[in-house]
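Undergrad: I have a structure here, written as structure tokens, and I will follow up with some questions on it.
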Amino acid sequence: MGIVYFLGVWMRVEEILSRPSIFRDRNVLSPHFIPDTLLHRDREIESIVRILAPSSKRMKPKSIFIYGKTGTGKTSTVKHIMKFSDQLCAIFAYVNCRIYNSKYKVLQKVGKTFIGELDKTGFGLSHIYERLVAFAAGKQIIIILDEIDMVKDVDDLLYMLGRSNDEIIDGGITIIGISNSLSFKERLDARSKSSLYEDEMVFAPYSASQIHDILKERSKIGFEPDVVQESALNLIAAISAQTSGDARYALRLLIRAGEVADSKRLKTVTDREVETARMNVEDDVIIEAVSTLPEHQQILLLGLATLTTGGSSYAKLGGGGEGAGAANVDGIEPFFMSGELYEQYAKTCNALGRQKRSARWYREYLTDLEMLGLISMVETSTGIRGRSRLIKLCYDAKRLKPILEKSLSCGIAGGHSDGKS
DNA sequence: CCTCCACAGGAAGCGCAGGAGT
DNA sequence: ACTCCTGCGCTTCCTGTGGAGG
């Protein structure tokens with residue numbers, strides 16, 4: 001029986017693997033792929049190279065802050081520029097601050113990029129710093145801090161890196177900060193602001209025709225010839241341009257549409273596959289945003305989704321007075337009071353058999369979730385006692401809820417364990 | 001005007017994990 | 001094997017904020 005079952009599965013796998021696919025090279029279609037020529041970002045590349053040019057004459061370039069919405073090619077552009085390290089006579093370190101989100105982690109990551117011995121934890125911050133300063137002597141180092149707004153103690157980090165330039169002999173450290181949060185600048189203290197914002201650049205969202213060009217270019221290599229119909233490309237470009245000109249979203253949609261066509265054994269990708277793929281991609285976006293969150297942030301989101309889909313809400317911003325049960329009027333997600341949400345969070349913890357975190361830590365979670373763009377908060381003004389915040393979910397609660405429930409019940413929640421349990 | 005309420009957010013401190021040094 | 005050091009996640013305590021209500 002077992003052997004028969006195994007043979008059945010094996011034959012099925014064989015069949016799937018040998019099935020002809022319309023994909024030629026899927027990697028090319030990934031948003032993380034850096035093509036040799038970056039379309040519609042020539043001006044930005046030129047400007048950044050011009051700013052960094054002094055390093056080729058052994059002078060420290062100015063630090064740059066790059067701002068732009070998701071999928072506007074910030075990371076791709078900077079990674080593209082990293083290819084010119086020889087011409088610029090500089091060495092680059094790329095740090096994704098979503099993963100390395102404290103000054104210690106950032107410095108450690110930079111350290112181990114250049115100095116092999118630092119490839120383990122346990123070194124003190126000052127030790128790593130001194131090794132880095134010694135290493136930087138006679139070199140121009142460019143540190144790219146992608147999603148820099150994710151670093152908790154970013155002021156300390158920027159101050160430290162800025163100060164290092166006084167100690168490095170005949171060399172320097174330049175920072176390229178990348179963020180999609182416009183409000184990040186206001187959070188910085190004056191000293192770090194002046195050190196990071198020596199030069200500033202804004203990446204505008206791609207237009208529909210620019211996204212179309214990008215998709216066309218990639219699908220030429222990514223798919224077999226004549227697979228993706230022109231109208232399908234136009235549709236993806238139009239959808240993506242509508243939702244904030246996000247090229248990453250467009251590429252994801254293209255891959256998904258290809259997969260839909262593949263699974264139906266079709267030879268072409270048409271509008272219909274794009275429409276089908278659209279729903280999947282929106283779920284993908286939510287899953288990606290949520291799956292790496294720590295367990296208690298997921299529970300908190302689940303609590304908020306529960307309130308949104310059926311709980312009481314604060315309908316003040318809809319124009320009314322204080323009201324209950326007014327969820328989802330006109331498709332607008334309602335706001336909830338901080339205290340109300342904490343209660344729901346505690347209930348959800350209880351239902352899941354988890355120990356709830358303190359209200360103080362809960363407020364930290366709220367700040368984190370807001371920074372990730374999963375929730376939005378507004379300070380209360382009139383109508384409520386004292387100073388509080390009203391909290392709103394940024395995603396469709398009905399879609400989010402099952403995803404969170406699945407994630408939490410499978411126990412796959414959370415990048416970080418809690419230390420204590 | 002004063003007190004209460006409901007919350008925001010800073011500071012201090014605790015226990016734990018993990019590496020360095022002895 | 002032991003102590004020391006450091007970062008991290010978290011709690012507890014505290015001060016500040018600002019509208020409501022007496």
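Letters A, B, ... mark the chains of the structure tokens in the order given; residue numbers begin at 1 per chain; ligand numbers begin at 1, in order shown.
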Please list as number ranges by chain every residue within 9 Å of range 138-149 of chain A, counting only C-alpha atoms (C1' of nucleotides) and excluding residues in the same chain fewer than 4 positions away.

TA: A: 52, 55-56, 58-61, 63, 74-75, 78, 89-98, 101, 106, 110, 154, 168-181, 184-185, 371

Undergrad: Using only C-alpha atoms (C1' of nucleotides), tabulate the residues of chain B lying at most 9 Å from any atom of range 1-21 of chain C, each with its closest atom pair and that distance in Å to one decimal, by chain and increasing residue number, as a Markdown table.

TA:
| residue | atom | partner | partner_atom | distance |
| --- | --- | --- | --- | --- |
| B:DC4 | C1' | C:DG21 | C1' | 8.5 |
| B:DC5 | C1' | C:DA20 | C1' | 8.5 |
| B:DC7 | C1' | C:DT17 | C1' | 8.8 |
| B:DA8 | C1' | C:DT17 | C1' | 8.0 |
| B:DG9 | C1' | C:DG16 | C1' | 8.9 |
| B:DG10 | C1' | C:DT15 | C1' | 8.5 |
| B:DA11 | C1' | C:DC14 | C1' | 8.4 |
| B:DA12 | C1' | C:DC13 | C1' | 8.5 |
| B:DG13 | C1' | C:DT12 | C1' | 8.6 |
| B:DC14 | C1' | C:DT11 | C1' | 8.3 |
| B:DC16 | C1' | C:DC8 | C1' | 8.9 |
| B:DA20 | C1' | C:DC5 | C1' | 8.2 |
| B:DG21 | C1' | C:DC4 | C1' | 8.1 |
| B:DT22 | C1' | C:DT3 | C1' | 8.5 |

Undergrad: May I have the selected residues written with N, CA and C atoms (P, O5', C5', C4', C3', O3' and C1' of nucleotides), as a compact mmCIF listing (two decimals), in the first residue's frame?

TA:
# COMPACT_ATOMS: atom_id res chain seq x y z
P DC B 4 -8.98 62.71 42.41
O5' DC B 4 -9.59 62.14 41.04
C5' DC B 4 -10.97 62.33 40.77
C4' DC B 4 -11.29 61.84 39.36
C3' DC B 4 -10.59 60.52 39.00
O3' DC B 4 -11.56 59.63 38.48
C1' DC B 4 -10.18 62.18 37.33
P DC B 5 -11.19 58.10 38.24
O5' DC B 5 -11.04 58.06 36.66
C5' DC B 5 -12.06 58.63 35.84
C4' DC B 5 -11.57 58.72 34.41
C3' DC B 5 -10.87 57.44 33.91
O3' DC B 5 -11.49 57.10 32.68
C1' DC B 5 -9.54 59.37 33.46
P DC B 7 -7.73 53.69 27.16
O5' DC B 7 -6.23 54.06 26.81
C5' DC B 7 -6.02 55.02 25.79
C4' DC B 7 -4.89 55.93 26.15
C3' DC B 7 -3.50 55.36 25.89
O3' DC B 7 -3.18 55.55 24.51
C1' DC B 7 -3.63 56.99 27.65
P DA B 8 -1.86 55.02 23.94
O5' DA B 8 -0.81 56.18 24.23
C5' DA B 8 -0.99 57.46 23.62
C4' DA B 8 0.27 58.28 23.79
C3' DA B 8 1.55 57.57 23.35
O3' DA B 8 2.37 58.49 22.66
C1' DA B 8 1.65 58.09 25.68
P DG B 9 3.60 57.93 21.82
O5' DG B 9 4.79 57.93 22.87
C5' DG B 9 5.18 59.14 23.48
C4' DG B 9 6.12 58.85 24.61
C3' DG B 9 7.24 57.84 24.29
O3' DG B 9 8.43 58.32 24.85
C1' DG B 9 6.18 57.24 26.25
P DG B 10 9.82 58.11 24.14
O5' DG B 10 10.84 58.47 25.31
C5' DG B 10 10.61 59.63 26.10
C4' DG B 10 11.12 59.42 27.51
C3' DG B 10 12.43 58.64 27.59
O3' DG B 10 13.31 59.31 28.48
C1' DG B 10 10.78 57.59 28.94
P DA B 11 14.82 58.80 28.68
O5' DA B 11 14.71 57.95 30.03
C5' DA B 11 14.10 58.52 31.16
C4' DA B 11 14.29 57.60 32.36
C3' DA B 11 15.62 56.83 32.34
O3' DA B 11 16.16 56.85 33.65
C1' DA B 11 13.80 55.30 32.41
P DA B 12 17.57 56.18 33.95
O5' DA B 12 17.17 54.90 34.80
C5' DA B 12 16.18 55.02 35.82
C4' DA B 12 15.82 53.64 36.33
C3' DA B 12 17.03 52.70 36.47
O3' DA B 12 16.98 52.06 37.73
C1' DA B 12 15.32 51.69 35.15
P DG B 13 18.22 51.20 38.27
O5' DG B 13 17.62 49.73 38.25
C5' DG B 13 16.25 49.53 38.60
C4' DG B 13 15.79 48.19 38.07
C3' DG B 13 16.88 47.10 38.10
O3' DG B 13 16.34 45.94 38.69
C1' DG B 13 15.88 47.18 35.98
P DC B 14 17.31 44.81 39.28
O5' DC B 14 16.62 43.51 38.69
C5' DC B 14 15.19 43.41 38.63
C4' DC B 14 14.83 42.35 37.62
C3' DC B 14 15.83 41.20 37.59
O3' DC B 14 15.17 39.97 37.84
C1' DC B 14 15.41 42.03 35.39
P DC B 16 16.13 33.36 34.07
O5' DC B 16 16.59 33.44 32.55
C5' DC B 16 15.62 33.73 31.54
C4' DC B 16 16.33 33.98 30.22
C3' DC B 16 17.45 32.96 29.93
O3' DC B 16 17.16 32.30 28.72
C1' DC B 16 18.17 35.22 29.55
P DA B 20 33.97 34.79 20.88
O5' DA B 20 34.40 35.56 22.20
C5' DA B 20 34.17 36.97 22.29
C4' DA B 20 34.95 37.54 23.47
C3' DA B 20 36.40 37.06 23.56
O3' DA B 20 37.20 38.15 24.01
C1' DA B 20 35.19 36.34 25.48
P DG B 21 38.78 37.98 24.09
O5' DG B 21 39.00 37.67 25.63
C5' DG B 21 38.48 38.58 26.60
C4' DG B 21 38.76 38.03 28.00
C3' DG B 21 40.17 37.44 28.18
O3' DG B 21 40.70 37.94 29.39
C1' DG B 21 38.53 35.87 28.85
P DT B 22 42.21 37.64 29.80
O5' DT B 22 42.01 36.52 30.93
C5' DT B 22 41.23 36.83 32.09
C4' DT B 22 41.10 35.60 32.97
C3' DT B 22 42.43 34.87 33.20
O3' DT B 22 42.63 34.68 34.59
C1' DT B 22 40.73 33.35 32.57

Undergrad: Set the distance at 8 Å and use only C-alpha atoms (C1' of nucleotides): which residues neighbour Leu107 in chain A once local chain neighbours fewer than 6 positions away are removed? I'd like the list as a VMD selection string.

TA: chain A and resid 125 128 to 129

Undergrad: Would you export the selected residues with N, CA and C atoms as a compact mmCIF listing (two decimals), in the first residue's frame, please?

TA:
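Everything below was put into part-v4.txt:
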# COMPACT_ATOMS: atom_id res chain seq x y z
N LEU A 125 29.91 46.12 21.18
CA LEU A 125 29.71 47.14 20.17
C LEU A 125 31.00 47.92 19.92
N ILE A 128 33.54 45.99 17.77
CA ILE A 128 33.21 45.98 16.34
C ILE A 128 33.53 47.35 15.74
N TYR A 129 33.17 48.38 16.47
CA TYR A 129 33.39 49.75 15.99
C TYR A 129 34.88 50.01 15.75

Undergrad: Could you tell me how far CA of Pro225 in chain A lies from CA of Ser21 in chain A, in Å and to one decimal?

TA: 11.8 Å

Undergrad: According to DSSP computed on the backbone, where in range 82-184 of chain A is there alpha helix (DSSP H)? Give the residues as a VMD selection string.

TA: chain A and resid 82 85 to 88 103 to 114 125 to 136 154 to 167 184

Undergrad: Hey, which of A:Trp10, A:Phe23, A:Tyr104, A:Tyr159 ends up closest to chain C? Count only C-alpha atoms (C1' of nucleotides).

TA: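 Among the listed residues, A:Tyr104 lies closest to chain C.
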
Undergrad: One decimal, in Å: what's the spacing between CA of Ala241 in chain A and CA of Tyr206 in chain A?

TA: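 Those two atoms sit 6.9 Å apart.
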